[in-house]
Every structure is written in structure tokens, then in C-alpha cells.
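See below for my_file.txt, which holds compact mmCIF, C-alpha atoms and all ligand atoms.
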# COMPACT_ATOMS: atom_id res chain seq x y z
CA MET A 24 13.42 22.01 15.95
CA SER A 25 14.22 20.72 19.46
CA ASP A 26 17.71 21.58 20.77
CA GLN A 27 18.29 17.89 21.58
CA LEU A 28 18.85 14.95 19.27
CA LYS A 29 17.57 11.83 21.03
CA LEU A 30 19.23 8.69 19.68
CA LEU A 31 18.38 5.18 20.82
CA CYS A 32 21.39 2.88 20.71
CA LEU A 33 20.89 -0.90 20.44
CA GLU A 34 24.18 -2.82 20.45
CA GLY A 35 22.86 -6.18 19.29
CA ASP A 36 24.84 -9.43 19.17
CA GLY A 37 28.27 -10.67 18.03
CA ILE A 38 30.50 -7.75 17.06
CA GLY A 39 27.65 -5.32 17.90
CA PRO A 40 29.07 -4.03 21.22
CA GLU A 41 32.54 -3.43 19.68
CA ILE A 42 31.36 -1.54 16.60
CA MET A 43 28.78 0.40 18.62
CA ALA A 44 31.49 1.60 21.05
CA ALA A 45 33.54 2.75 18.06
CA THR A 46 30.54 4.48 16.48
CA LEU A 47 29.62 6.36 19.66
CA ALA A 48 33.25 7.49 20.08
CA VAL A 49 33.17 8.97 16.56
CA LEU A 50 29.79 10.61 17.26
CA ARG A 51 31.20 12.21 20.42
CA ALA A 52 34.23 13.48 18.48
CA ALA A 53 31.93 15.04 15.88
CA SER A 54 29.72 16.74 18.48
CA PRO A 55 31.20 20.26 17.97
CA PHE A 56 29.80 20.09 14.43
CA LEU A 57 26.29 19.10 15.52
CA LYS A 58 23.58 21.74 15.67
CA ARG A 59 21.90 19.90 18.53
CA LYS A 60 23.14 18.27 21.73
CA VAL A 61 23.06 14.50 21.34
CA ASN A 62 21.32 12.50 24.04
CA VAL A 63 22.13 8.78 23.63
CA VAL A 64 19.90 6.26 25.41
CA ARG A 65 21.09 2.62 25.50
CA LYS A 66 18.80 -0.40 25.58
CA ASP A 67 19.49 -4.14 25.27
CA ILE A 68 18.18 -6.21 22.39
CA GLY A 69 19.17 -9.65 21.09
CA PHE A 70 20.54 -12.30 23.42
CA ALA A 71 21.27 -9.75 26.17
CA ALA A 72 17.54 -8.84 26.29
CA LEU A 73 16.34 -12.43 25.81
CA ASN A 74 18.31 -13.61 28.86
CA VAL A 75 16.87 -10.88 31.12
CA GLU A 76 13.47 -9.99 29.68
CA GLY A 77 12.48 -13.07 27.68
CA SER A 78 12.39 -11.28 24.32
CA THR A 79 15.07 -10.29 21.81
CA ILE A 80 13.16 -7.00 21.34
CA PRO A 81 11.08 -6.07 24.39
CA GLN A 82 8.05 -3.78 23.84
CA VAL A 83 9.77 -0.97 25.78
CA VAL A 84 12.49 -0.87 23.12
CA ILE A 85 9.91 -0.52 20.35
CA ASP A 86 8.23 2.31 22.31
CA ASP A 87 11.58 4.04 22.88
CA ALA A 88 12.43 3.68 19.18
CA LYS A 89 9.16 5.42 18.27
CA ALA A 90 9.93 8.26 20.70
CA ALA A 91 13.54 8.77 19.50
CA ASP A 92 14.71 11.06 16.67
CA GLY A 93 16.76 8.18 15.34
CA VAL A 94 17.91 4.66 16.20
CA ILE A 95 21.38 3.15 15.87
CA LEU A 96 20.84 -0.58 15.44
CA GLY A 97 23.74 -3.00 15.87
CA PRO A 98 23.85 -6.33 14.02
CA VAL A 99 21.77 -9.20 15.39
CA SER A 100 22.29 -13.00 15.32
CA HIS A 101 18.64 -13.67 14.54
CA ASN A 102 19.41 -16.96 12.79
CA ALA A 103 20.56 -18.30 16.16
CA TYR A 104 17.50 -17.05 18.12
CA PRO A 105 14.91 -19.48 19.48
CA SER A 106 11.39 -19.49 17.99
CA VAL A 107 9.13 -16.42 18.11
CA GLU A 108 7.02 -18.22 20.75
CA GLU A 109 10.17 -18.46 22.90
CA GLY A 110 10.95 -14.74 22.50
CA GLY A 111 13.24 -14.88 19.47
CA ARG A 112 11.94 -12.09 17.19
CA ASN A 113 14.21 -10.47 14.61
CA PRO A 114 14.73 -6.91 15.94
CA SER A 115 15.57 -5.62 12.48
CA GLY A 116 12.32 -6.89 10.90
CA VAL A 117 10.24 -5.81 13.92
CA LEU A 118 11.59 -2.24 13.83
CA ARG A 119 11.11 -1.96 10.05
CA LYS A 120 7.47 -2.97 10.43
CA GLU A 121 6.60 -1.13 13.68
CA LEU A 122 8.25 2.13 12.56
CA ALA A 123 6.95 1.81 8.97
CA LEU A 124 10.48 2.10 7.55
CA PHE A 125 9.50 1.63 3.92
CA ALA A 126 12.90 2.43 2.44
CA ASN A 127 16.31 0.86 2.86
CA HIS A 128 18.94 3.21 1.42
CA ARG A 129 22.13 1.24 0.72
CA PRO A 130 25.02 3.10 -0.87
CA ALA A 131 28.04 1.32 -2.37
CA ARG A 132 31.08 3.32 -3.48
CA THR A 133 34.77 2.86 -3.99
CA TRP A 134 37.18 4.94 -1.87
CA PRO A 135 40.28 6.84 -3.07
CA GLY A 136 43.44 4.79 -2.53
CA LEU A 137 41.63 1.61 -1.49
CA ASP A 138 41.79 -1.35 -3.89
CA ALA A 139 38.42 -2.94 -4.60
CA PRO A 140 37.31 -5.97 -6.64
CA SER A 141 35.71 -3.56 -9.13
CA ARG A 142 38.25 -2.34 -11.67
CA LYS A 143 36.31 0.90 -12.06
CA ALA A 144 35.57 3.56 -9.48
CA PHE A 145 31.85 3.90 -8.78
CA ASP A 146 29.32 5.52 -6.49
CA LEU A 147 25.81 4.04 -6.53
CA VAL A 148 22.83 3.57 -4.26
CA VAL A 149 20.44 0.65 -4.00
CA MET A 150 17.04 1.96 -2.83
CA ARG A 151 15.34 -1.17 -1.58
CA GLU A 152 11.68 -1.61 -0.67
CA ASN A 153 11.70 -2.63 2.97
CA LEU A 154 8.29 -3.84 4.17
CA GLU A 155 6.93 -6.47 1.82
CA GLY A 156 8.07 -8.61 -1.14
CA PHE A 157 9.27 -12.07 -0.11
CA TYR A 158 10.04 -11.10 3.50
CA ALA A 159 7.70 -13.51 5.25
CA ASP A 160 8.47 -12.16 8.73
CA ARG A 161 6.95 -8.75 7.96
CA ASN A 162 4.93 -8.86 4.75
CA MET A 163 1.53 -9.73 6.26
CA PHE A 164 -0.75 -7.73 8.58
CA ALA A 165 -1.25 -10.83 10.73
CA GLY A 166 0.43 -14.20 10.44
CA GLY A 167 3.44 -14.84 8.25
CA GLY A 168 4.02 -15.06 4.53
CA GLU A 169 5.42 -18.60 4.74
CA PHE A 170 3.62 -21.79 5.64
CA MET A 171 3.81 -25.58 5.34
CA PRO A 172 0.49 -27.22 4.40
CA GLU A 173 2.24 -30.62 4.54
CA PRO A 174 5.57 -31.72 6.04
CA GLU A 175 7.17 -31.88 2.58
CA VAL A 176 5.56 -28.76 1.10
CA ALA A 177 6.72 -25.23 1.97
CA LEU A 178 5.13 -22.13 0.42
CA ALA A 179 6.06 -18.45 0.49
CA LEU A 180 3.90 -15.51 -0.57
CA ARG A 181 5.42 -12.42 -2.17
CA LYS A 182 3.43 -9.26 -1.57
CA VAL A 183 3.71 -6.19 -3.81
CA THR A 184 1.43 -3.20 -3.22
CA ALA A 185 0.97 -0.01 -5.19
CA SER A 186 1.53 2.13 -2.09
CA ALA A 187 4.84 0.53 -1.06
CA SER A 188 6.06 0.49 -4.69
CA THR A 189 5.19 4.17 -5.09
CA ASN A 190 6.85 5.05 -1.76
CA ILE A 191 10.15 3.39 -2.65
CA ALA A 192 10.10 4.77 -6.19
CA ARG A 193 9.53 8.30 -4.89
CA ALA A 194 12.30 7.92 -2.28
CA GLY A 195 14.69 6.79 -5.04
CA PHE A 196 13.78 9.57 -7.44
CA GLU A 197 13.99 12.22 -4.73
CA LEU A 198 17.48 11.01 -3.89
CA ALA A 199 18.53 10.81 -7.56
CA ALA A 200 17.40 14.41 -8.10
CA THR A 201 19.98 15.53 -5.49
CA ARG A 202 22.92 13.57 -6.98
CA SER A 203 25.22 14.67 -9.78
CA ALA A 204 24.43 11.81 -12.20
CA LYS A 205 20.65 12.18 -11.67
CA HIS A 206 19.76 8.75 -13.00
CA VAL A 207 17.43 5.95 -11.88
CA THR A 208 17.45 2.31 -12.95
CA VAL A 209 14.41 0.29 -11.90
CA ILE A 210 15.26 -3.39 -11.37
CA HIS A 211 12.55 -6.02 -11.78
CA LYS A 212 11.60 -9.46 -13.11
CA ALA A 213 8.31 -8.50 -14.76
CA ASN A 214 8.91 -10.90 -17.66
CA VAL A 215 8.24 -13.76 -15.21
CA MET A 216 6.30 -12.16 -12.37
CA ARG A 217 4.01 -10.19 -14.62
CA MET A 218 1.47 -9.13 -12.00
CA THR A 219 3.67 -8.38 -8.99
CA ASP A 220 6.67 -6.86 -10.72
CA GLY A 221 4.29 -5.50 -13.39
CA LEU A 222 2.51 -3.49 -10.66
CA PHE A 223 5.86 -2.39 -9.23
CA LEU A 224 6.98 -1.19 -12.68
CA ASP A 225 3.72 0.67 -13.33
CA CYS A 226 4.15 2.57 -10.05
CA ALA A 227 7.81 3.38 -10.80
CA ARG A 228 6.90 4.66 -14.28
CA ALA A 229 4.19 6.91 -12.83
CA VAL A 230 6.68 8.41 -10.36
CA ALA A 231 9.27 8.79 -13.15
CA ASN A 232 6.84 11.15 -14.91
CA GLU A 233 7.04 13.48 -11.88
CA PHE A 234 10.86 13.76 -12.29
CA PRO A 235 11.57 14.79 -15.90
CA SER A 236 15.10 15.97 -14.99
CA VAL A 237 16.10 12.47 -13.75
CA GLY A 238 17.29 9.96 -16.37
CA TYR A 239 15.46 6.62 -16.36
CA ASN A 240 15.88 3.05 -17.53
CA GLU A 241 14.68 -0.42 -16.54
CA MET A 242 16.63 -3.66 -16.21
CA LEU A 243 15.85 -7.30 -15.41
CA VAL A 244 17.40 -8.34 -12.10
CA ASP A 245 19.59 -11.06 -13.64
CA ALA A 246 20.95 -8.62 -16.21
CA ALA A 247 21.50 -6.07 -13.44
CA ALA A 248 23.67 -8.55 -11.51
CA ALA A 249 25.81 -9.15 -14.61
CA HIS A 250 26.05 -5.44 -15.42
CA LEU A 251 27.05 -4.67 -11.82
CA VAL A 252 30.00 -7.04 -12.03
CA ARG A 253 30.99 -5.83 -15.50
CA ASP A 254 30.73 -2.09 -14.86
CA PRO A 255 29.12 -0.77 -11.67
CA SER A 256 29.92 2.81 -12.71
CA GLN A 257 26.96 2.71 -15.15
CA PHE A 258 24.52 2.86 -12.20
CA ASP A 259 23.47 5.81 -10.07
CA VAL A 260 20.28 5.01 -8.08
CA MET A 261 18.88 1.48 -8.43
CA ILE A 262 15.30 1.14 -7.21
CA THR A 263 14.02 -2.34 -6.54
CA THR A 264 11.90 -4.71 -4.46
CA ASN A 265 12.95 -6.10 -1.10
CA MET A 266 14.84 -9.31 -1.82
CA PHE A 267 16.39 -8.22 -5.13
CA GLY A 268 17.65 -5.12 -3.29
CA ASP A 269 19.10 -7.16 -0.45
CA ILE A 270 21.10 -9.34 -2.83
CA LEU A 271 22.20 -6.63 -5.28
CA SER A 272 23.30 -4.29 -2.50
CA ASP A 273 25.56 -6.96 -0.97
CA LEU A 274 27.03 -7.60 -4.41
CA ALA A 275 27.63 -3.89 -4.97
CA SER A 276 29.17 -3.45 -1.51
CA GLU A 277 31.52 -6.35 -2.03
CA LEU A 278 32.59 -4.89 -5.39
CA ALA A 279 33.31 -1.60 -3.59
CA GLY A 280 35.64 -3.15 -1.01
CA GLY A 281 33.64 -5.30 1.37
CA LEU A 282 30.66 -5.49 3.68
CA GLY A 283 32.68 -3.92 6.51
CA LEU A 284 32.42 -0.58 4.64
CA ALA A 285 28.74 -0.75 3.75
CA GLY A 286 26.47 1.65 5.61
CA SER A 287 22.70 1.67 5.35
CA LEU A 288 19.70 3.67 6.52
CA ASN A 289 16.14 2.43 6.97
CA PHE A 290 13.62 5.24 6.89
CA GLY A 291 9.94 6.03 6.62
CA THR A 292 7.92 9.21 6.93
CA HIS A 293 8.47 9.61 10.69
CA HIS A 294 11.39 7.43 11.74
CA ALA A 295 14.91 6.41 10.71
CA VAL A 296 17.20 3.55 11.78
CA ALA A 297 20.93 3.38 11.00
CA GLN A 298 22.01 -0.23 10.47
CA ALA A 299 25.21 -1.78 9.11
CA GLN A 300 24.69 -3.94 6.01
CA HIS A 301 26.63 -6.87 7.47
CA GLY A 302 25.51 -9.36 10.12
CA SER A 303 26.79 -9.98 13.64
CA ALA A 304 29.95 -11.82 12.45
CA PRO A 305 30.05 -14.25 15.40
CA ASP A 306 33.27 -15.78 14.00
CA ILE A 307 35.25 -12.65 14.96
CA ALA A 308 33.19 -11.32 17.90
CA GLY A 309 35.11 -10.13 20.98
CA GLN A 310 38.51 -10.32 19.24
CA ASP A 311 39.02 -6.64 18.34
CA LEU A 312 38.92 -7.64 14.66
CA ALA A 313 35.69 -5.97 13.49
CA ASN A 314 35.70 -3.08 11.08
CA PRO A 315 33.29 -0.49 12.53
CA VAL A 316 33.08 1.62 9.34
CA SER A 317 29.77 0.16 8.16
CA LEU A 318 27.93 1.24 11.32
CA ILE A 319 29.80 4.56 11.42
CA LEU A 320 28.76 5.35 7.84
CA SER A 321 25.20 4.31 8.70
CA VAL A 322 25.21 6.91 11.47
CA GLU A 323 26.68 9.42 9.02
CA MET A 324 23.59 8.74 6.86
CA LEU A 325 21.28 9.09 9.86
CA LEU A 326 22.82 12.46 10.77
CA ARG A 327 22.41 13.64 7.16
CA HIS A 328 18.78 12.47 7.21
CA LEU A 329 18.23 14.46 10.43
CA GLY A 330 19.66 17.64 8.89
CA GLU A 331 23.10 17.42 10.54
CA THR A 332 24.99 17.82 7.26
CA ALA A 333 28.19 19.38 8.64
CA ALA A 334 28.82 16.55 11.12
CA ALA A 335 27.92 13.95 8.45
CA ASP A 336 30.37 15.53 5.95
CA LEU A 337 33.12 15.55 8.58
CA ILE A 338 32.61 11.88 9.44
CA ARG A 339 32.59 10.87 5.77
CA ALA A 340 35.77 12.85 5.02
CA SER A 341 37.52 11.34 8.07
CA VAL A 342 36.57 7.79 7.04
CA SER A 343 37.87 8.52 3.54
CA ALA A 344 41.18 9.82 4.98
CA ALA A 345 41.59 6.76 7.22
CA LEU A 346 40.86 4.31 4.38
CA ALA A 347 43.29 6.04 2.00
CA SER A 348 46.39 4.63 3.75
CA PRO A 349 47.15 0.91 4.38
CA ASP A 350 48.61 1.99 7.76
CA THR A 351 45.23 3.11 9.03
CA ARG A 352 43.03 0.21 7.94
CA THR A 353 41.54 -2.77 9.75
CA ARG A 354 42.55 -6.35 8.96
CA ASP A 355 39.57 -7.15 6.72
CA LEU A 356 41.06 -4.51 4.38
CA GLN A 357 44.58 -5.99 4.62
CA GLY A 358 45.51 -3.41 7.25
CA THR A 359 46.98 -4.07 10.69
CA LEU A 360 44.73 -2.16 13.07
CA GLY A 361 42.29 -3.67 15.53
CA THR A 362 38.85 -2.15 16.10
CA ARG A 363 40.03 -0.03 19.04
CA GLU A 364 43.20 1.31 17.36
CA PHE A 365 41.27 2.13 14.19
CA THR A 366 38.67 3.97 16.28
CA GLU A 367 41.43 6.06 17.89
CA VAL A 368 42.76 7.01 14.45
CA LEU A 369 39.31 7.90 13.18
CA THR A 370 38.28 9.92 16.24
CA SER A 371 41.58 11.88 15.99
CA LEU A 372 40.84 12.67 12.34
CA VAL A 373 37.32 13.80 13.26
CA GLU A 374 38.63 15.91 16.14
CA GLU A 375 41.26 17.52 13.87
CA GLY A 376 38.54 18.34 11.34
CA ALA A 377 36.26 19.61 14.05
CA THR A 378 38.78 22.12 15.47
P1 LIG B 1 24.93 -13.39 10.83
O1 LIG B 1 24.56 -14.78 11.24
O2 LIG B 1 24.64 -12.39 11.90
O3 LIG B 1 24.36 -12.99 9.48
P2 LIG B 1 27.41 -14.01 9.47
O4 LIG B 1 28.82 -14.16 9.97
O5 LIG B 1 26.75 -15.19 8.86
O6 LIG B 1 26.53 -13.37 10.66
P3 LIG B 1 28.12 -11.52 8.38
O7 LIG B 1 28.13 -10.97 9.75
O8 LIG B 1 27.52 -10.66 7.32
O9 LIG B 1 27.36 -12.88 8.34
O10 LIG B 1 29.62 -11.89 8.01
C1 LIG B 1 30.05 -12.51 6.82
C2 LIG B 1 31.58 -12.58 6.87
O11 LIG B 1 32.10 -11.23 6.81
C3 LIG B 1 32.13 -13.19 8.18
O12 LIG B 1 33.29 -13.95 7.92
C4 LIG B 1 32.48 -12.00 9.02
O13 LIG B 1 33.54 -12.23 9.92
C5 LIG B 1 32.87 -10.92 7.98
N1 LIG B 1 32.46 -9.60 8.46
C6 LIG B 1 31.20 -9.13 8.52
N2 LIG B 1 31.18 -7.90 9.05
C7 LIG B 1 32.45 -7.56 9.30
C8 LIG B 1 33.07 -6.40 9.86
N3 LIG B 1 32.36 -5.34 10.24
N4 LIG B 1 34.42 -6.41 10.00
C9 LIG B 1 35.14 -7.46 9.61
N5 LIG B 1 34.61 -8.58 9.08
C10 LIG B 1 33.29 -8.64 8.93
Once more with this new file: its structure as C-alpha cells, please.
Amino acid sequence: MSDQLKLLCLEGDGIGPEIMAATLAVLRAASPFLKRKVNVVRKDIGFAALNVEGSTIPQVVIDDAKAADGVILGPVSHNAYPSVEEGGRNPSGVLRKELALFANHRPARTWPGLDAPSRKAFDLVVMRENLEGFYADRNMFAGGGEFMPEPEVALALRKVTASASTNIARAGFELAATRSAKHVTVIHKANVMRMTDGLFLDCARAVANEFPSVGYNEMLVDAAAAHLVRDPSQFDVMITTNMFGDILSDLASELAGGLGLAGSLNFGTHHAVAQAQHGSAPDIAGQDLANPVSLILSVEMLLRHLGETAAADLIRASVSAALASPDTRTRDLQGTLGTREFTEVLTSLVEEGAT
């Protein structure tokens, strides 16, 4: 193991610079608990890169991401970008494809002392396939998965492969085997999409046979949405395809207290990218209103993935302590603190824990 942890930091658009500053402050405060010295390299993406380099994700950023131990990716306003021909590529989709990040690990959990829309406490993970499915911007080797043969006809192709299905199933089962509940629910719509979701289910069942100590059931995606609202505590690890996972994870995060708390990690065999679940929130950008917890918890997941368990545990415990009191919450959680004040509280908690 090298004695340096090289992290590439990409602020992104909207609230990106504010929540990235908060995240890096927390990382610095946790440094006494890190086994390795952290070396943070900053590069522009999004509108900042488009204005200077003509692309929202220049090739040098992709190369740096491949060379780094991990990437911290801020939110991006890709809906507002110009066309791909004019340099407007979605940095999130490009990194997932270029770095072969086949898994998107999205936890959703309630926090002690913090009211949430869910009446029951819960702690679940959505393990979402990340490279294919309905995601037209990354699901083909060349060209896109969406096209318009006529002005009034738009078509989208959904791709499901045995290799990607097996990869995401194995990632989910491996995670479930480390958790106390040790249970997997595979979410699908194989009653309608018999071939695509049928293939996905076959692969998940084959992987399930390798993990006899992990409990297993299957659920249709519509039923899963209803069950999540009724009682999210019945789920442990939910394994599913790309778009179902995107939607169910937002639902689960909202039930747990809001998107501002929802961390996520994209990973593959060789690379990992920490990325908040929410978007760039342009409506509150630059106003010191953003809750940085989602990106901070994403970095906590990245550190854990890179073997830095002590620092990750400290960050998680400090976030939990800050969220426990209404006096130390941001406004999206009915608190009074701005991004900067909240960051000061959180870094103090981390520093106290680190000494
Ligand atoms: P984008 O176009 O990048 O997806 P969006 O505003 O459409 O941005 P989100 O960024 O996910 O989508 O935001 C949805 C709502 O949640 C917005 O009202 C936003 O202000 C709020 N929100 C999202 N993230 C946060 C955060 N970290 N802190 C506080 N509020 C947030």
C-alpha cells in the first residue's frame, strides 16, 4: 500500500463548490485517523471547465480520475449543459463508463433524534447497476441508446447483460454478508420484461447460491415502492437495475430524512467515485443554504472502500452527533445553521473525536 492517498476533487456546478469546501474541511479534520497522507488534487468540470476548455469534462480530468485512488465528484447541472457536440457531456455518466463503475451503492437510514417521514427506523442499501439498463448516455459501446427515426417517434433501448447483472448481484451479496441483517431483496419487473429482467433474475439467483448464509427474496418494482413507503425496515440490501435503483433510492432517502443526507459511492474493480445523491440545487446555490452531509457521507463511504475504516467511523459518528440536535442542523432539516456554520460544528466534532 502506498503511503499516500491521492484523491481527485471535482467541485461541479450549483452548490458543488460550497459542499465540496465543507467536505474537504471535514476530511482535513479527520486526517489524524487516516493511515495514509491525503493528497487532494483539484480540477474543474461542469460550466467552469466548459467556459475555459470547451468541455464539461476535459480528457485530462478523465485521465486524472483513472490515476487517482478515489474521486470526489460534486453535483453537476447537466440538464442545463449545451449539446454533446458543443462540449456538454454529463461528467457523472462519463466517469461511470470510463472508470467501469458498475455499482452504485446508495444507503438510506434514519438517524437517532432526527424526525423522518418514515414512522419506523430503518437502515437499508440500494445496490444499483450503474452502466446499462435504460441509461441511453452510457449503455451502448458506440452511439446512444435513444434515437428518433421520425420527428414524432422517440425510441429508447434498455440493455441488460449477464456480466453486469452478475457484477451488481455479487456486489450486493458481498455487502449483505457483512451486515447484521444479512438479507438481499432482488427488485425486478420480469413479469413484463421477461427477457431483460428474466436474465437479470437468473444471474441474481445464480449468485444467491454462492451465499447460503444471506437471506433472499424477490419483489416486483411496483410492490417494492409500496412496501418501502409502508415499512422500509423490512429491507436490508436491495439489488436492482439502473433506473429502478435510481428511483427507489431517492424514495428511500426521502423517507429517511431527505436527499441532503443521502451519500453514495460508485465503484468498479479498480476505481471508486464518491457522489452525493442529490443534484446541483441551482435554486439555493451560493446562498450558504446547502446541506453538505450527502457529499460528506459519500466521502465516508469512499474512505471505507479504501480501507480507511477508523476515519470513516469517526466521520459517521460525528455526522450522527450533529444531526441529533435541532441546534446543529441545516435549514433543510428545520435547523438554523448555514453551510459554513454547520461545517464548523461538524469539523469540531471530528477534531474532538480525533484527539
Ligand atoms: P439538478 O438540475 O442538478 O438535478 P435540481 O434542483 O433539479 O438540480 P436537486 O439538486 O436534487 O435537483 O434538488 C431538488 C430539491 O432539493 C431542490 O429544491 C434543492 O434545493 C433541494 N436540495 C438538493 N440538495 C440539497 C442539499 N444538499 N441541501 C439542501 N437542499 C437541497
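When all atoms listed in the file are used to compute distances to Ala179 of chain A, the closest of the residues A:Val368, A:Ala159, A:Leu198, A:Val99 turns out to be A:Ala159.
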Quick one: axis-aligned box around all listed atoms of segment 197-205 of chain A, 4 Å on every side, centre and edge lengths in Å to one decimal, written as lines of an AutoDock Vina configuration file.
center_x = 19.6
center_y = 13.2
center_z = -8.0
size_x = 19.2
size_y = 12.7
size_z = 16.3
Exercise for the section: Could the residues that lie within 7 Å of ligand LIG 1 (chain B), counting all atoms listed in the file, be listed as an MDAnalysis selection string? Expected result: chainID A and resid 98:102 282:283 301:307 312:315 317 355
Include C-alpha atoms and write out the residues we just selected as a compact mmCIF listing (two decimals), in the frame of the given file.
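Output below, filename selection_36.txt:
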# COMPACT_ATOMS: atom_id res chain seq x y z
CA PRO A 98 23.85 -6.33 14.02
CA VAL A 99 21.77 -9.20 15.39
CA SER A 100 22.29 -13.00 15.32
CA HIS A 101 18.64 -13.67 14.54
CA ASN A 102 19.41 -16.96 12.79
CA LEU A 282 30.66 -5.49 3.68
CA GLY A 283 32.68 -3.92 6.51
CA HIS A 301 26.63 -6.87 7.47
CA GLY A 302 25.51 -9.36 10.12
CA SER A 303 26.79 -9.98 13.64
CA ALA A 304 29.95 -11.82 12.45
CA PRO A 305 30.05 -14.25 15.40
CA ASP A 306 33.27 -15.78 14.00
CA ILE A 307 35.25 -12.65 14.96
CA LEU A 312 38.92 -7.64 14.66
CA ALA A 313 35.69 -5.97 13.49
CA ASN A 314 35.70 -3.08 11.08
CA PRO A 315 33.29 -0.49 12.53
CA SER A 317 29.77 0.16 8.16
CA ASP A 355 39.57 -7.15 6.72
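If you measure from each of A:Leu372, A:Val296, A:Ala231, A:Ala279 to Leu122 of chain A using all atoms listed in the file, the closest one turns out to be A:Val296.
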Completion exercise
Restricting to only C-alpha atoms, whichever of A:Val183, A:Arg253, A:Lys205, A:Leu118 is closest to Leu222 of chain A is A:Val183
Completion exercise
Min atom-atom distance to Ala204 of chain A from the set A:Leu224, A:Met216, A:Ala123, A:Val237, counting all atoms listed in the file, belongs to A:Val237
Requested file, segment 103-117 of chain A restricted to N, CA, C and O atoms, as a PDB file, in the first residue's frame:
ATOM      1  N   ALA A 103     -28.696  21.482 -17.854  1.00  0.00           N
ATOM      2  CA  ALA A 103     -28.554  22.835 -18.413  1.00  0.00           C
ATOM      3  C   ALA A 103     -27.371  22.934 -19.373  1.00  0.00           C
ATOM      4  O   ALA A 103     -27.128  23.997 -19.934  1.00  0.00           O
ATOM      5  N   TYR A 104     -26.621  21.847 -19.587  1.00  0.00           N
ATOM      6  CA  TYR A 104     -25.459  21.899 -20.480  1.00  0.00           C
ATOM      7  C   TYR A 104     -25.914  21.998 -21.939  1.00  0.00           C
ATOM      8  O   TYR A 104     -27.004  21.520 -22.293  1.00  0.00           O
ATOM      9  N   PRO A 105     -25.035  22.561 -22.790  1.00  0.00           N
ATOM     10  CA  PRO A 105     -25.335  22.512 -24.235  1.00  0.00           C
ATOM     11  C   PRO A 105     -25.182  21.081 -24.745  1.00  0.00           C
ATOM     12  O   PRO A 105     -24.871  20.169 -23.961  1.00  0.00           O
ATOM     13  N   SER A 106     -25.366  20.884 -26.044  1.00  0.00           N
ATOM     14  CA  SER A 106     -25.307  19.529 -26.621  1.00  0.00           C
ATOM     15  C   SER A 106     -23.901  18.933 -26.473  1.00  0.00           C
ATOM     16  O   SER A 106     -22.923  19.660 -26.235  1.00  0.00           O
ATOM     17  N   VAL A 107     -23.827  17.618 -26.636  1.00  0.00           N
ATOM     18  CA  VAL A 107     -22.526  16.927 -26.574  1.00  0.00           C
ATOM     19  C   VAL A 107     -21.569  17.519 -27.614  1.00  0.00           C
ATOM     20  O   VAL A 107     -20.382  17.744 -27.332  1.00  0.00           O
ATOM     21  N   GLU A 108     -22.083  17.825 -28.812  1.00  0.00           N
ATOM     22  CA  GLU A 108     -21.253  18.396 -29.878  1.00  0.00           C
ATOM     23  C   GLU A 108     -20.662  19.743 -29.446  1.00  0.00           C
ATOM     24  O   GLU A 108     -19.574  20.123 -29.855  1.00  0.00           O
ATOM     25  N   GLU A 109     -21.373  20.433 -28.541  1.00  0.00           N
ATOM     26  CA  GLU A 109     -20.880  21.741 -28.069  1.00  0.00           C
ATOM     27  C   GLU A 109     -20.105  21.611 -26.755  1.00  0.00           C
ATOM     28  O   GLU A 109     -19.831  22.599 -26.084  1.00  0.00           O
ATOM     29  N   GLY A 110     -19.785  20.374 -26.368  1.00  0.00           N
ATOM     30  CA  GLY A 110     -18.942  20.173 -25.175  1.00  0.00           C
ATOM     31  C   GLY A 110     -19.698  19.814 -23.911  1.00  0.00           C
ATOM     32  O   GLY A 110     -19.104  19.660 -22.841  1.00  0.00           O
ATOM     33  N   GLY A 111     -21.021  19.680 -24.004  1.00  0.00           N
ATOM     34  CA  GLY A 111     -21.815  19.442 -22.800  1.00  0.00           C
ATOM     35  C   GLY A 111     -22.027  17.966 -22.495  1.00  0.00           C
ATOM     36  O   GLY A 111     -23.115  17.439 -22.708  1.00  0.00           O
ATOM     37  N   ARG A 112     -20.998  17.278 -22.006  1.00  0.00           N
ATOM     38  CA  ARG A 112     -21.159  15.856 -21.625  1.00  0.00           C
ATOM     39  C   ARG A 112     -21.468  15.785 -20.127  1.00  0.00           C
ATOM     40  O   ARG A 112     -21.022  16.635 -19.344  1.00  0.00           O
ATOM     41  N   ASN A 113     -22.206  14.761 -19.742  1.00  0.00           N
ATOM     42  CA  ASN A 113     -22.553  14.594 -18.331  1.00  0.00           C
ATOM     43  C   ASN A 113     -21.361  13.945 -17.598  1.00  0.00           C
ATOM     44  O   ASN A 113     -21.087  12.759 -17.804  1.00  0.00           O
ATOM     45  N   PRO A 114     -20.639  14.700 -16.753  1.00  0.00           N
ATOM     46  CA  PRO A 114     -19.444  14.151 -16.114  1.00  0.00           C
ATOM     47  C   PRO A 114     -19.724  12.877 -15.323  1.00  0.00           C
ATOM     48  O   PRO A 114     -18.901  11.958 -15.276  1.00  0.00           O
ATOM     49  N   SER A 115     -20.895  12.804 -14.723  1.00  0.00           N
ATOM     50  CA  SER A 115     -21.238  11.637 -13.918  1.00  0.00           C
ATOM     51  C   SER A 115     -21.325  10.384 -14.792  1.00  0.00           C
ATOM     52  O   SER A 115     -20.699   9.345 -14.517  1.00  0.00           O
ATOM     53  N   GLY A 116     -22.050  10.473 -15.904  1.00  0.00           N
ATOM     54  CA  GLY A 116     -22.185   9.331 -16.819  1.00  0.00           C
ATOM     55  C   GLY A 116     -20.850   8.969 -17.460  1.00  0.00           C
ATOM     56  O   GLY A 116     -20.514   7.792 -17.594  1.00  0.00           O
ATOM     57  N   VAL A 117     -20.063   9.990 -17.835  1.00  0.00           N
ATOM     58  CA  VAL A 117     -18.764   9.734 -18.476  1.00  0.00           C
ATOM     59  C   VAL A 117     -17.840   8.992 -17.509  1.00  0.00           C
ATOM     60  O   VAL A 117     -17.206   7.995 -17.874  1.00  0.00           O
TER      61      VAL A 117
END
